[in-house]
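Asks: Just passing along the structure, written as structure tokens.
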Amino acid sequence: MNMLLSVRNLKTYYRSGSSVVPAVDGVSFHLRKGEVLGIVGESGCGKSTVARSLINLLDKSNARIEGGEVLFHGEDLMKQSRKAWSRIRGKKISMIFQNPQSALNPVYTVGDQIAEALTVHQKMSRKEARDRVVELLKLVGIPEPESRLTNYPHEMSGGMQQRAMIAIALACHPEIVIADEPTTALDVTIQAQILALMDRIRAQFQMGMILISHNMGIVAEMCDRIMVMYGGVVVEEGETAAIFAAPSHPYTKGLLASIPSLDEDRDTLYAIPGSVPRLTAPVGHCRFAGRCAYAKSKCWESEPPLIEGENGHRSRCWLMEAPDRGHDDERE
Amino acid sequence: MTRFIVKHLLKAILTIWFIVTVVFVITRMSGDPTDGLLPDDASASVRHEMRVSMGLDRPIHEQYAEYLGDVLAFDMGDSYYYLRPVNELFAERAGRTLTLGVASFVIAIAIGVPLGVLAAIRRNSLADRWMMGFSVAADAIPGFVLGILLIFLFSLGLRMLPSGGSGTAAHYVMPLIALTLGSVANIARLTRSSMLDVLRQDYLDSARARGVRETAVIFKHALRNALIPVVTIIGLHIGALIGGSVVVETVFSFSGLGSLIVSAAQQRDFPVIQYGTMLIAIAVTFTNLLVDLSYGWFDPRIRKPH
């Protein structure tokens, strides 16, 4: 089934003072060739930490991978040397960042930065590199690529900057692209263009993509599968259609209920009550229990495992154990 | 660009004119140069005759007008004390002071910047703490105190280096250390803090994400950004360097421009003081102009504002 990446029990903890924050606390998932996996959740749920762990860009002063493995072509990425990483990054796995304005170096031209993505991985002449950069700029829909080459980042709009970042990420046709909130910093009108561009190129080169977002609408449109994270763990995972049609975790239900709908005439938006708890390891209860309308005593006594349902649909909720208990009759 | 340069050149000339004028007025107010040139029992008529020959008996605005005219004609006058043209005196000594100054400047940057980068990369390590502790001390010690300590250590104690004078390469060692140590420390600390700011930036992670090796991330992507604020301080150092060389040359009886200007001030040798301060003013304003121009190279946001 063409497995590209499989992550098993990944644990990334942050140390702040004497306390340990389990930002990613035993996350497992996989990505197939050409597949788009969405990771959604609130700020602080660990989705960006997962992304940075996968490409080895954690801030080493306070973050550490405590366990787990990330298999890519059968090799554990967590065991690669620094030198090996510089051959993987950009070439096999690349990343698109949230804010293109801060992700581009202000003192080098956009053309230089795209060319660098090529020349660090393969020997080529200046002329060859330039031609490839022009090609890439065309590919990502930047008009007048020959003259745009010599622009500095501050001479471009946010949308153009993100297109340039996409050109950098795709320069070497990587097998996996990790996009960490790629449109959050952009105008709403530009967002759709950028997403369409990413989707077109991804399909063209048959790349696997991990799209991190807090926007359920974007995820619904772009992703084959969705993984919902909360408090450092996966709370629900499944096919996009299945998750939208029949969310089984109360948190996912809450997320979907908070999407404003054009059909309804509501004055106030629904919001999940409470806020993300500050967890410290080890956690011995359901991480969502404090905000869950269905929480019962068991939820506070032990943490539920990911319970597998039909078609690989997984959910981390004790209520899944007994679907006949009645609270989610509307399911199915 | 041409407009930028012309505008700054005009500003520089205005600054130099202002300094020259202030110095002219202050020297005339400082007292009578004949006090030092004639014996104490010289008669009033002899003193008056000497003042007339120097042109000091005339009203100050007349003296000033003549002085400006002379300067524009590149006639800097003769030293009251050496009785020789001022520019000859300066030409003889300029080489030594320039060597000292340029060497100090180059060494301060060549050591200060890498130390700062190293401290930033290894922040909070033992090496970083030692380096920063040492640099606070080095920055705090005035050049003349350090100079005297060096003389105690290397000349009186170890008998390795001459305590004063000029001529051989060995004569440059201690003045150079006394002049440079503070700048090294200052530049190192500034580079460190600027580098720490830059090391947090997303564009370094994005460079790493495209496969750029760590050395290139630091020296190609981070350093150029980190140097932008450092350049400003390096510009200010040139002024401090000139002030420092005056003190250091005196401590080490190093025969350069600094010691010439100091003795001229003590002797009220007006033409020497005036020429010396004018040269310093020119040096400082023009290096600042160069610094302003170099910003454009370091930071394209200044060169090509959007």
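Please note that chains go A, B, ... in the order of the structure tokens, that every chain numbers its residues from 1, and that ligands are numbered from 1 in the order shown.
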Which residues of chain A are close to chain B, meaning at most 10 Å apart when you count only C-alpha atoms, and how do they look as a PDB file with N, CA and C atoms, in the first residue's frame?

Replies:
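This is the output file out_29.pdb:
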ATOM      1  N   ARG A  52       7.778  19.630  13.341  1.00  0.00           N
ATOM      2  CA  ARG A  52       9.184  19.941  13.560  1.00  0.00           C
ATOM      3  C   ARG A  52       9.978  18.699  13.973  1.00  0.00           C
ATOM      4  N   ILE A  55      11.031  16.720  10.799  1.00  0.00           N
ATOM      5  CA  ILE A  55      12.094  17.256   9.949  1.00  0.00           C
ATOM      6  C   ILE A  55      13.288  17.706  10.788  1.00  0.00           C
ATOM      7  N   ASN A  56      13.255  17.300  12.049  1.00  0.00           N
ATOM      8  CA  ASN A  56      14.384  17.532  12.959  1.00  0.00           C
ATOM      9  C   ASN A  56      14.711  19.024  13.115  1.00  0.00           C
ATOM     10  N   LEU A  57      13.681  19.833  13.335  1.00  0.00           N
ATOM     11  CA  LEU A  57      13.900  21.267  13.511  1.00  0.00           C
ATOM     12  C   LEU A  57      13.406  21.739  14.878  1.00  0.00           C
ATOM     13  N   LEU A  58      13.533  20.875  15.871  1.00  0.00           N
ATOM     14  CA  LEU A  58      13.107  21.290  17.206  1.00  0.00           C
ATOM     15  C   LEU A  58      14.157  22.200  17.818  1.00  0.00           C
ATOM     16  N   ASP A  59      13.716  23.087  18.682  1.00  0.00           N
ATOM     17  CA  ASP A  59      14.650  23.932  19.420  1.00  0.00           C
ATOM     18  C   ASP A  59      15.322  23.058  20.487  1.00  0.00           C
ATOM     19  N   ARG A  82      23.620  14.401  11.679  1.00  0.00           N
ATOM     20  CA  ARG A  82      23.419  15.754  11.179  1.00  0.00           C
ATOM     21  C   ARG A  82      23.675  15.842   9.682  1.00  0.00           C
ATOM     22  N   LYS A  83      24.723  15.145   9.258  1.00  0.00           N
ATOM     23  CA  LYS A  83      25.096  15.162   7.848  1.00  0.00           C
ATOM     24  C   LYS A  83      24.000  14.520   6.997  1.00  0.00           C
ATOM     25  N   ALA A  84      23.474  13.392   7.510  1.00  0.00           N
ATOM     26  CA  ALA A  84      22.416  12.710   6.782  1.00  0.00           C
ATOM     27  C   ALA A  84      21.183  13.608   6.675  1.00  0.00           C
ATOM     28  N   TRP A  85      20.908  14.340   7.739  1.00  0.00           N
ATOM     29  CA  TRP A  85      19.736  15.225   7.710  1.00  0.00           C
ATOM     30  C   TRP A  85      19.854  16.281   6.632  1.00  0.00           C
ATOM     31  N   SER A  86      21.079  16.793   6.414  1.00  0.00           N
ATOM     32  CA  SER A  86      21.189  17.838   5.400  1.00  0.00           C
ATOM     33  C   SER A  86      20.970  17.275   4.002  1.00  0.00           C
ATOM     34  N   ARG A  87      21.029  15.953   3.859  1.00  0.00           N
ATOM     35  CA  ARG A  87      20.684  15.364   2.561  1.00  0.00           C
ATOM     36  C   ARG A  87      19.195  15.031   2.464  1.00  0.00           C
ATOM     37  N   ILE A  88      18.557  14.843   3.632  1.00  0.00           N
ATOM     38  CA  ILE A  88      17.128  14.503   3.620  1.00  0.00           C
ATOM     39  C   ILE A  88      16.276  15.765   3.463  1.00  0.00           C
ATOM     40  N   ARG A  89      16.623  16.761   4.264  1.00  0.00           N
ATOM     41  CA  ARG A  89      15.839  18.000   4.248  1.00  0.00           C
ATOM     42  C   ARG A  89      15.929  18.678   2.894  1.00  0.00           C
ATOM     43  N   GLY A  90      14.788  19.058   2.392  1.00  0.00           N
ATOM     44  CA  GLY A  90      14.761  19.756   1.108  1.00  0.00           C
ATOM     45  C   GLY A  90      14.773  18.801  -0.072  1.00  0.00           C
ATOM     46  N   LYS A  91      15.485  17.683   0.085  1.00  0.00           N
ATOM     47  CA  LYS A  91      15.609  16.722  -1.015  1.00  0.00           C
ATOM     48  C   LYS A  91      14.498  15.669  -0.932  1.00  0.00           C
ATOM     49  N   LYS A  92      14.302  15.127   0.269  1.00  0.00           N
ATOM     50  CA  LYS A  92      13.295  14.065   0.451  1.00  0.00           C
ATOM     51  C   LYS A  92      12.059  14.594   1.177  1.00  0.00           C
ATOM     52  N   ILE A  93      12.329  15.425   2.197  1.00  0.00           N
ATOM     53  CA  ILE A  93      11.227  15.975   2.986  1.00  0.00           C
ATOM     54  C   ILE A  93      11.444  17.474   3.043  1.00  0.00           C
ATOM     55  N   SER A  94      10.437  18.235   2.709  1.00  0.00           N
ATOM     56  CA  SER A  94      10.632  19.672   2.868  1.00  0.00           C
ATOM     57  C   SER A  94       9.439  20.275   3.581  1.00  0.00           C
ATOM     58  N   MET A  95       9.565  21.559   3.876  1.00  0.00           N
ATOM     59  CA  MET A  95       8.571  22.169   4.745  1.00  0.00           C
ATOM     60  C   MET A  95       8.179  23.541   4.223  1.00  0.00           C
ATOM     61  N   ILE A  96       6.896  23.829   4.330  1.00  0.00           N
ATOM     62  CA  ILE A  96       6.399  25.172   4.008  1.00  0.00           C
ATOM     63  C   ILE A  96       5.969  25.798   5.335  1.00  0.00           C
ATOM     64  N   PHE A  97       6.435  26.996   5.581  1.00  0.00           N
ATOM     65  CA  PHE A  97       6.225  27.594   6.905  1.00  0.00           C
ATOM     66  C   PHE A  97       4.995  28.486   6.940  1.00  0.00           C
ATOM     67  N   GLN A  98       4.608  28.798   8.172  1.00  0.00           N
ATOM     68  CA  GLN A  98       3.391  29.573   8.389  1.00  0.00           C
ATOM     69  C   GLN A  98       3.506  30.996   7.843  1.00  0.00           C
ATOM     70  N   ASN A  99       4.630  31.654   8.172  1.00  0.00           N
ATOM     71  CA  ASN A  99       4.732  33.061   7.826  1.00  0.00           C
ATOM     72  C   ASN A  99       5.863  33.278   6.815  1.00  0.00           C
ATOM     73  N   PRO A 100       5.496  33.442   5.532  1.00  0.00           N
ATOM     74  CA  PRO A 100       6.552  33.536   4.513  1.00  0.00           C
ATOM     75  C   PRO A 100       7.449  34.749   4.731  1.00  0.00           C
ATOM     76  N   GLN A 101       6.897  35.804   5.321  1.00  0.00           N
ATOM     77  CA  GLN A 101       7.688  37.006   5.499  1.00  0.00           C
ATOM     78  C   GLN A 101       8.871  36.769   6.443  1.00  0.00           C
ATOM     79  N   SER A 102       8.639  35.944   7.470  1.00  0.00           N
ATOM     80  CA  SER A 102       9.757  35.695   8.382  1.00  0.00           C
ATOM     81  C   SER A 102      10.558  34.469   7.962  1.00  0.00           C
ATOM     82  N   ALA A 103      10.016  33.668   7.047  1.00  0.00           N
ATOM     83  CA  ALA A 103      10.741  32.460   6.632  1.00  0.00           C
ATOM     84  C   ALA A 103      11.695  32.719   5.473  1.00  0.00           C
ATOM     85  N   LEU A 104      11.629  33.913   4.896  1.00  0.00           N
ATOM     86  CA  LEU A 104      12.582  34.270   3.843  1.00  0.00           C
ATOM     87  C   LEU A 104      13.637  35.198   4.443  1.00  0.00           C
ATOM     88  N   ASN A 105      14.881  34.934   4.113  1.00  0.00           N
ATOM     89  CA  ASN A 105      15.962  35.768   4.641  1.00  0.00           C
ATOM     90  C   ASN A 105      15.937  37.145   3.971  1.00  0.00           C
ATOM     91  N   PRO A 106      15.792  38.217   4.780  1.00  0.00           N
ATOM     92  CA  PRO A 106      15.615  39.546   4.182  1.00  0.00           C
ATOM     93  C   PRO A 106      16.818  40.064   3.397  1.00  0.00           C
ATOM     94  N   VAL A 107      18.009  39.512   3.608  1.00  0.00           N
ATOM     95  CA  VAL A 107      19.187  40.082   2.949  1.00  0.00           C
ATOM     96  C   VAL A 107      19.629  39.344   1.685  1.00  0.00           C
ATOM     97  N   TYR A 108      18.891  38.307   1.293  1.00  0.00           N
ATOM     98  CA  TYR A 108      19.208  37.645   0.027  1.00  0.00           C
ATOM     99  C   TYR A 108      18.006  37.709  -0.908  1.00  0.00           C
ATOM    100  N   THR A 109      18.294  37.726  -2.210  1.00  0.00           N
ATOM    101  CA  THR A 109      17.173  37.798  -3.148  1.00  0.00           C
ATOM    102  C   THR A 109      16.404  36.486  -3.127  1.00  0.00           C
ATOM    103  N   GLN A 113      17.635  32.456  -2.906  1.00  0.00           N
ATOM    104  CA  GLN A 113      17.173  31.498  -1.901  1.00  0.00           C
ATOM    105  C   GLN A 113      16.558  30.265  -2.546  1.00  0.00           C
ATOM    106  N   ILE A 114      15.896  30.460  -3.685  1.00  0.00           N
ATOM    107  CA  ILE A 114      15.361  29.283  -4.391  1.00  0.00           C
ATOM    108  C   ILE A 114      16.529  28.483  -4.994  1.00  0.00           C
ATOM    109  N   GLU A 116      19.461  28.266  -3.924  1.00  0.00           N
ATOM    110  CA  GLU A 116      20.180  27.560  -2.862  1.00  0.00           C
ATOM    111  C   GLU A 116      19.564  26.184  -2.599  1.00  0.00           C
ATOM    112  N   ALA A 117      18.219  26.130  -2.655  1.00  0.00           N
ATOM    113  CA  ALA A 117      17.546  24.846  -2.423  1.00  0.00           C
ATOM    114  C   ALA A 117      17.989  23.813  -3.459  1.00  0.00           C
ATOM    115  N   LEU A 118      18.353  24.289  -4.656  1.00  0.00           N
ATOM    116  CA  LEU A 118      18.822  23.376  -5.696  1.00  0.00           C
ATOM    117  C   LEU A 118      20.298  23.043  -5.504  1.00  0.00           C
ATOM    118  N   THR A 119      21.107  24.074  -5.306  1.00  0.00           N
ATOM    119  CA  THR A 119      22.558  23.876  -5.330  1.00  0.00           C
ATOM    120  C   THR A 119      23.093  23.171  -4.095  1.00  0.00           C
ATOM    121  N   VAL A 120      22.352  23.190  -2.978  1.00  0.00           N
ATOM    122  CA  VAL A 120      22.868  22.430  -1.831  1.00  0.00           C
ATOM    123  C   VAL A 120      22.745  20.928  -2.072  1.00  0.00           C
ATOM    124  N   HIS A 121      21.881  20.539  -2.989  1.00  0.00           N
ATOM    125  CA  HIS A 121      21.676  19.102  -3.201  1.00  0.00           C
ATOM    126  C   HIS A 121      22.297  18.560  -4.481  1.00  0.00           C
ATOM    127  N   ASN A 151      14.354  40.184  -6.965  1.00  0.00           N
ATOM    128  CA  ASN A 151      13.632  40.869  -5.894  1.00  0.00           C
ATOM    129  C   ASN A 151      14.076  40.362  -4.533  1.00  0.00           C
ATOM    130  N   TYR A 152      14.100  41.280  -3.585  1.00  0.00           N
ATOM    131  CA  TYR A 152      14.279  40.875  -2.194  1.00  0.00           C
ATOM    132  C   TYR A 152      12.899  40.583  -1.616  1.00  0.00           C
ATOM    133  N   PRO A 153      12.859  39.763  -0.554  1.00  0.00           N
ATOM    134  CA  PRO A 153      11.545  39.409   0.005  1.00  0.00           C
ATOM    135  C   PRO A 153      10.658  40.626   0.292  1.00  0.00           C
ATOM    136  N   HIS A 154      11.260  41.726   0.780  1.00  0.00           N
ATOM    137  CA  HIS A 154      10.405  42.863   1.140  1.00  0.00           C
ATOM    138  C   HIS A 154       9.794  43.556  -0.071  1.00  0.00           C
ATOM    139  N   GLU A 155      10.247  43.177  -1.262  1.00  0.00           N
ATOM    140  CA  GLU A 155       9.677  43.776  -2.463  1.00  0.00           C
ATOM    141  C   GLU A 155       8.503  42.957  -3.012  1.00  0.00           C
ATOM    142  N   MET A 156       8.117  41.903  -2.263  1.00  0.00           N
ATOM    143  CA  MET A 156       7.025  41.046  -2.725  1.00  0.00           C
ATOM    144  C   MET A 156       5.866  41.083  -1.742  1.00  0.00           C
ATOM    145  N   MET A 165       8.187  30.530  -1.335  1.00  0.00           N
ATOM    146  CA  MET A 165       8.497  29.490  -0.348  1.00  0.00           C
ATOM    147  C   MET A 165       8.100  28.114  -0.883  1.00  0.00           C
ATOM    148  N   ILE A 168      10.688  26.973  -3.189  1.00  0.00           N
ATOM    149  CA  ILE A 168      11.848  26.458  -2.448  1.00  0.00           C
ATOM    150  C   ILE A 168      11.576  25.035  -1.983  1.00  0.00           C
ATOM    151  N   ALA A 169      10.388  24.839  -1.408  1.00  0.00           N
ATOM    152  CA  ALA A 169      10.066  23.521  -0.851  1.00  0.00           C
ATOM    153  C   ALA A 169      10.004  22.453  -1.938  1.00  0.00           C
ATOM    154  N   LEU A 170       9.578  22.844  -3.138  1.00  0.00           N
ATOM    155  CA  LEU A 170       9.376  21.846  -4.187  1.00  0.00           C
ATOM    156  C   LEU A 170      10.563  21.710  -5.128  1.00  0.00           C
ATOM    157  N   ALA A 171      11.582  22.537  -4.942  1.00  0.00           N
ATOM    158  CA  ALA A 171      12.689  22.618  -5.900  1.00  0.00           C
ATOM    159  C   ALA A 171      13.255  21.250  -6.264  1.00  0.00           C
ATOM    160  N   CYS A 172      13.428  20.394  -5.275  1.00  0.00           N
ATOM    161  CA  CYS A 172      14.050  19.091  -5.552  1.00  0.00           C
ATOM    162  C   CYS A 172      13.034  17.960  -5.645  1.00  0.00           C
TER     163      CYS A 172
END

Asks: Residues near Thr287 of chain B, anyone? I mean within 12 Å using only C-alpha atoms, not counting same-chain ones fewer than 2 positions away, as a CSV table (one decimal) with N, CA and C atoms, in the first residue's frame.

Replies:
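Output below, filename result-v5.csv:
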chain,number,residue,atom,x,y,z
B,8,HIS,N,24.9,63.8,1.9
B,8,HIS,CA,25.7,63.4,3.1
B,8,HIS,C,27.0,64.2,3.1
B,9,LEU,N,27.6,64.4,1.9
B,9,LEU,CA,28.8,65.1,1.8
B,9,LEU,C,28.6,66.6,2.3
B,12,ALA,N,28.5,66.6,5.9
B,12,ALA,CA,29.8,66.3,6.5
B,12,ALA,C,30.6,67.6,6.5
B,105,PHE,N,41.7,48.8,14.4
B,105,PHE,CA,40.4,48.7,13.9
B,105,PHE,C,40.2,47.3,13.3
B,231,VAL,N,27.5,47.2,12.6
B,231,VAL,CA,28.1,48.2,11.7
B,231,VAL,C,28.0,49.6,12.3
B,232,THR,N,26.8,49.9,12.9
B,232,THR,CA,26.6,51.2,13.5
B,232,THR,C,27.7,51.4,14.6
B,233,ILE,N,27.8,50.4,15.4
B,233,ILE,CA,28.8,50.6,16.6
B,233,ILE,C,30.2,50.7,16.1
B,234,ILE,N,30.5,49.9,15.0
B,234,ILE,CA,31.9,49.9,14.5
B,234,ILE,C,32.2,51.4,14.0
B,235,GLY,N,31.1,52.0,13.4
B,235,GLY,CA,31.3,53.4,13.0
B,235,GLY,C,31.7,54.3,14.2
B,236,LEU,N,31.0,54.1,15.3
B,236,LEU,CA,31.2,54.9,16.5
B,236,LEU,C,32.6,54.6,17.1
B,237,HIS,N,33.1,53.4,16.8
B,237,HIS,CA,34.4,53.0,17.4
B,237,HIS,C,35.5,53.8,16.7
B,238,ILE,N,35.3,54.3,15.5
B,238,ILE,CA,36.4,55.0,14.9
B,238,ILE,C,36.6,56.3,15.6
B,239,GLY,N,35.5,57.0,16.1
B,239,GLY,CA,35.7,58.2,16.9
B,239,GLY,C,36.4,57.9,18.2
B,241,LEU,N,38.4,55.4,18.8
B,241,LEU,CA,39.7,55.0,18.4
B,241,LEU,C,40.7,56.2,18.4
B,242,ILE,N,40.2,57.3,17.8
B,242,ILE,CA,41.0,58.5,17.7
B,242,ILE,C,41.2,59.1,19.0
B,280,ILE,N,40.9,65.2,12.6
B,280,ILE,CA,40.0,64.2,13.4
B,280,ILE,C,38.6,64.4,12.9
B,281,ALA,N,38.1,65.6,12.8
B,281,ALA,CA,36.7,65.8,12.4
B,281,ALA,C,36.5,65.2,11.0
B,282,ILE,N,37.4,65.4,10.1
B,282,ILE,CA,37.3,64.9,8.8
B,282,ILE,C,37.2,63.4,8.8
B,283,ALA,N,38.2,62.8,9.6
B,283,ALA,CA,38.2,61.3,9.7
B,283,ALA,C,36.9,60.8,10.2
B,284,VAL,N,36.4,61.4,11.3
B,284,VAL,CA,35.2,60.8,11.9
B,284,VAL,C,34.0,61.0,11.0
B,285,THR,N,33.8,62.2,10.4
B,285,THR,CA,32.6,62.4,9.6
B,285,THR,C,32.7,61.5,8.3
B,289,LEU,N,30.2,58.5,7.1
B,289,LEU,CA,29.6,58.4,5.8
B,289,LEU,C,29.8,57.1,5.1
B,290,LEU,N,31.0,56.5,5.3
B,290,LEU,CA,31.2,55.2,4.7
B,290,LEU,C,30.3,54.1,5.4
B,291,VAL,N,30.2,54.3,6.7
B,291,VAL,CA,29.3,53.4,7.5
B,291,VAL,C,27.9,53.4,6.9
B,292,ASP,N,27.4,54.7,6.8
B,292,ASP,CA,26.0,54.9,6.2
B,292,ASP,C,25.9,54.2,4.9
B,293,LEU,N,26.9,54.3,4.0
B,293,LEU,CA,26.9,53.7,2.7
B,293,LEU,C,26.9,52.2,2.8
B,294,SER,N,27.6,51.7,3.8
B,294,SER,CA,27.8,50.2,3.9
B,294,SER,C,26.5,49.6,4.4

Asks: Would you pick out the contacts of segment 247-250 of chain B at 8 Å or less, using only C-alpha atoms, so that residues sharing its chain but fewer than 4 positions from it are not included, and give the list as a list in words?

Replies: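 The residues satisfying every condition are Gly143, Phe144, Gly147, Pro175, Ala178, Leu179, Gly243, Phe254, Ser255, Gly256, Gly258, Ser259 and Val262 of chain B.
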
Asks: Counting only C-alpha atoms, which residues in segment 100-197 of chain A sit no more than 8 Å from segment 206-220 of chain A? For each one, give the nearest pair of atoms and the distance in Å, sorted by chain then residue number, as CSV.

Replies:
residue,atom,partner,partner_atom,distance
A:His173,CA,A:Met207,CA,7.9
A:Pro174,CA,A:Met207,CA,7.0
A:Glu175,CA,A:Met207,CA,5.0
A:Ile176,CA,A:Gly208,CA,4.7
A:Val177,CA,A:Met209,CA,4.8
A:Ile178,CA,A:Ile210,CA,4.8
A:Ala179,CA,A:Leu211,CA,4.9
A:Asp180,CA,A:Ile212,CA,4.8
A:Glu181,CA,A:Ser213,CA,4.9
A:Pro182,CA,A:Ile212,CA,8.0

Asks: Go ahead and dump the residues you just picked, N, CA and C atoms, as an mmCIF file, in the first residue's frame.

Replies:
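Writing the result to selection-v6.cif gives the following:
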data_model
loop_
_atom_site.group_PDB
_atom_site.id
_atom_site.type_symbol
_atom_site.label_atom_id
_atom_site.label_comp_id
_atom_site.auth_asym_id
_atom_site.auth_seq_id
_atom_site.Cartn_x
_atom_site.Cartn_y
_atom_site.Cartn_z
ATOM 1 N N HIS A 173 11.770 18.278 -5.880
ATOM 2 C CA HIS A 173 10.705 17.274 -5.927
ATOM 3 C C HIS A 173 10.765 16.308 -4.747
ATOM 4 N N PRO A 174 10.589 16.798 -3.543
ATOM 5 C CA PRO A 174 10.674 15.916 -2.378
ATOM 6 C C PRO A 174 9.506 14.919 -2.367
ATOM 7 N N GLU A 175 9.666 13.872 -1.569
ATOM 8 C CA GLU A 175 8.594 12.880 -1.501
ATOM 9 C C GLU A 175 7.507 13.303 -0.526
ATOM 10 N N ILE A 176 7.930 14.099 0.463
ATOM 11 C CA ILE A 176 6.967 14.547 1.471
ATOM 12 C C ILE A 176 7.108 16.054 1.664
ATOM 13 N N VAL A 177 5.989 16.747 1.667
ATOM 14 C CA VAL A 177 5.997 18.166 2.016
ATOM 15 C C VAL A 177 5.189 18.337 3.289
ATOM 16 N N ILE A 178 5.790 19.000 4.258
ATOM 17 C CA ILE A 178 5.066 19.316 5.483
ATOM 18 C C ILE A 178 4.684 20.785 5.408
ATOM 19 N N ALA A 179 3.398 21.065 5.427
ATOM 20 C CA ALA A 179 2.951 22.458 5.344
ATOM 21 C C ALA A 179 2.356 22.848 6.685
ATOM 22 N N ASP A 180 3.053 23.722 7.407
ATOM 23 C CA ASP A 180 2.612 24.109 8.742
ATOM 24 C C ASP A 180 1.820 25.411 8.659
ATOM 25 N N GLU A 181 0.515 25.298 8.662
ATOM 26 C CA GLU A 181 -0.380 26.463 8.551
ATOM 27 C C GLU A 181 0.043 27.365 7.396
ATOM 28 N N PRO A 182 0.094 26.844 6.189
ATOM 29 C CA PRO A 182 0.701 27.604 5.085
ATOM 30 C C PRO A 182 -0.071 28.849 4.676
#

Asks: How many Å separate atom CA of Val70 of chain A from atom CA of Gly312 of chain A?

Replies: 19.9 Å

Asks: Neighbours of segment 267-271 of chain A within 12 Å (only C-alpha atoms; same-chain residues fewer than 5 positions away dropped), as a ChimeraX atom specification?

Replies: /A:42,251,253-262,291

Asks: Enumerate, as a list in words, the complete set of residues in segment 141-286 of chain A that a backbone-based DSSP assignment places in strand (DSSP E).

Replies: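 Output for segment 141-286 of chain A, strand (DSSP E) only: Ile176, Val177, Ile178, Ala179, Asp180, Gly208, Met209, Ile210, Leu211, Ile212, Ser213, Arg225, Ile226, Met227, Val228, Met229, Tyr230, Val233, Val234, Val235, Glu236, Glu237, Gly238 and Glu239 of chain A.
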
Asks: Run DSSP on the backbone and give me the residues of segment 26-131 of chain A it puts in helix (DSSP H, G or I), as number ranges by chain.

Replies: A: 47-54, 77-79, 82-88, 100-103, 110-119, 126-131

Asks: Within 10 Å of Val20 of chain A, counting only C-alpha atoms, which residues qualify if same-chain residues fewer than 6 places away don't, as number ranges by chain?

Replies: A: 13-14, 62-63, 279-282

Asks: Between atom CA of Gly26 of chain A and atom CA of Val233 of chain A, what distance in Å does the model show, to one decimal?

Replies: 6.4 Å

Asks: Can you tell me which residues surround Asn87 of chain B at a distance of at most 12 Å, considering only C-alpha atoms, apart from same-chain residues fewer than 4 positions away, and format the answer as a ChimeraX atom specification?

Replies: /B:71,74-79,82-83,91-94,257,271-276,278-279

Asks: Hey, which of A:Ala185, A:Ala242, A:Val21, A:Met320 ends up closest to Arg278 of chain A? Count only C-alpha atoms.

Replies: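 For Arg278 of chain A, the nearest of the candidates is A:Val21.
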
Asks: Set the distance at 10 Å and use only C-alpha atoms: which residues neighbour Leu5 of chain A once local chain neighbours fewer than 3 positions away are removed? I'd like the list as a list in words.

Replies: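 Once the nearby chain positions are removed, what remains is Asn2, Arg8, Phe29, His30, Leu31, Arg32, Lys33, Leu54, Val70, Leu71, Phe72, His73, Gly74, Glu75, Asp76, Leu77, Glu175, Ile176 and Gly208 of chain A.
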
Asks: Deliver the residues from the most recent selection as a file, using C-alpha atoms, as a PDB file, in the first residue's frame.

Replies:
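In the end it all went to selection_35.pdb:
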ATOM      1  CA  ASN A   2       2.945   2.258  -0.705  1.00  0.00           C
ATOM      2  CA  ARG A   8       5.175   5.106  15.863  1.00  0.00           C
ATOM      3  CA  PHE A  29       0.245   7.675  12.147  1.00  0.00           C
ATOM      4  CA  HIS A  30       1.250   6.925   8.611  1.00  0.00           C
ATOM      5  CA  LEU A  31       1.338   8.643   5.248  1.00  0.00           C
ATOM      6  CA  ARG A  32       0.982   6.913   1.900  1.00  0.00           C
ATOM      7  CA  LYS A  33       2.496   7.998  -1.374  1.00  0.00           C
ATOM      8  CA  LEU A  54       9.569  14.931  11.581  1.00  0.00           C
ATOM      9  CA  VAL A  70       9.696   7.663  12.324  1.00  0.00           C
ATOM     10  CA  LEU A  71      10.197   5.194   9.517  1.00  0.00           C
ATOM     11  CA  PHE A  72      10.907   6.614   6.076  1.00  0.00           C
ATOM     12  CA  HIS A  73      11.793   4.022   3.437  1.00  0.00           C
ATOM     13  CA  GLY A  74      12.350   1.605   6.299  1.00  0.00           C
ATOM     14  CA  GLU A  75      14.935   3.826   8.020  1.00  0.00           C
ATOM     15  CA  ASP A  76      14.373   5.484  11.347  1.00  0.00           C
ATOM     16  CA  LEU A  77      14.683   9.240  10.831  1.00  0.00           C
ATOM     17  CA  GLU A 175       8.594  12.880  -1.501  1.00  0.00           C
ATOM     18  CA  ILE A 176       6.967  14.547   1.471  1.00  0.00           C
ATOM     19  CA  GLY A 208       2.780  12.993   0.092  1.00  0.00           C
TER      20      GLY A 208
END

Asks: Rank A:Thr252, A:Gly44, A:Leu136, A:Ala245 by their smallest atom-to-atom distance to Ile201 of chain A, using only C-alpha atoms, and report the top residue only.

Replies: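 With only C-alpha atoms as the atom set, the closest residue is A:Leu136.
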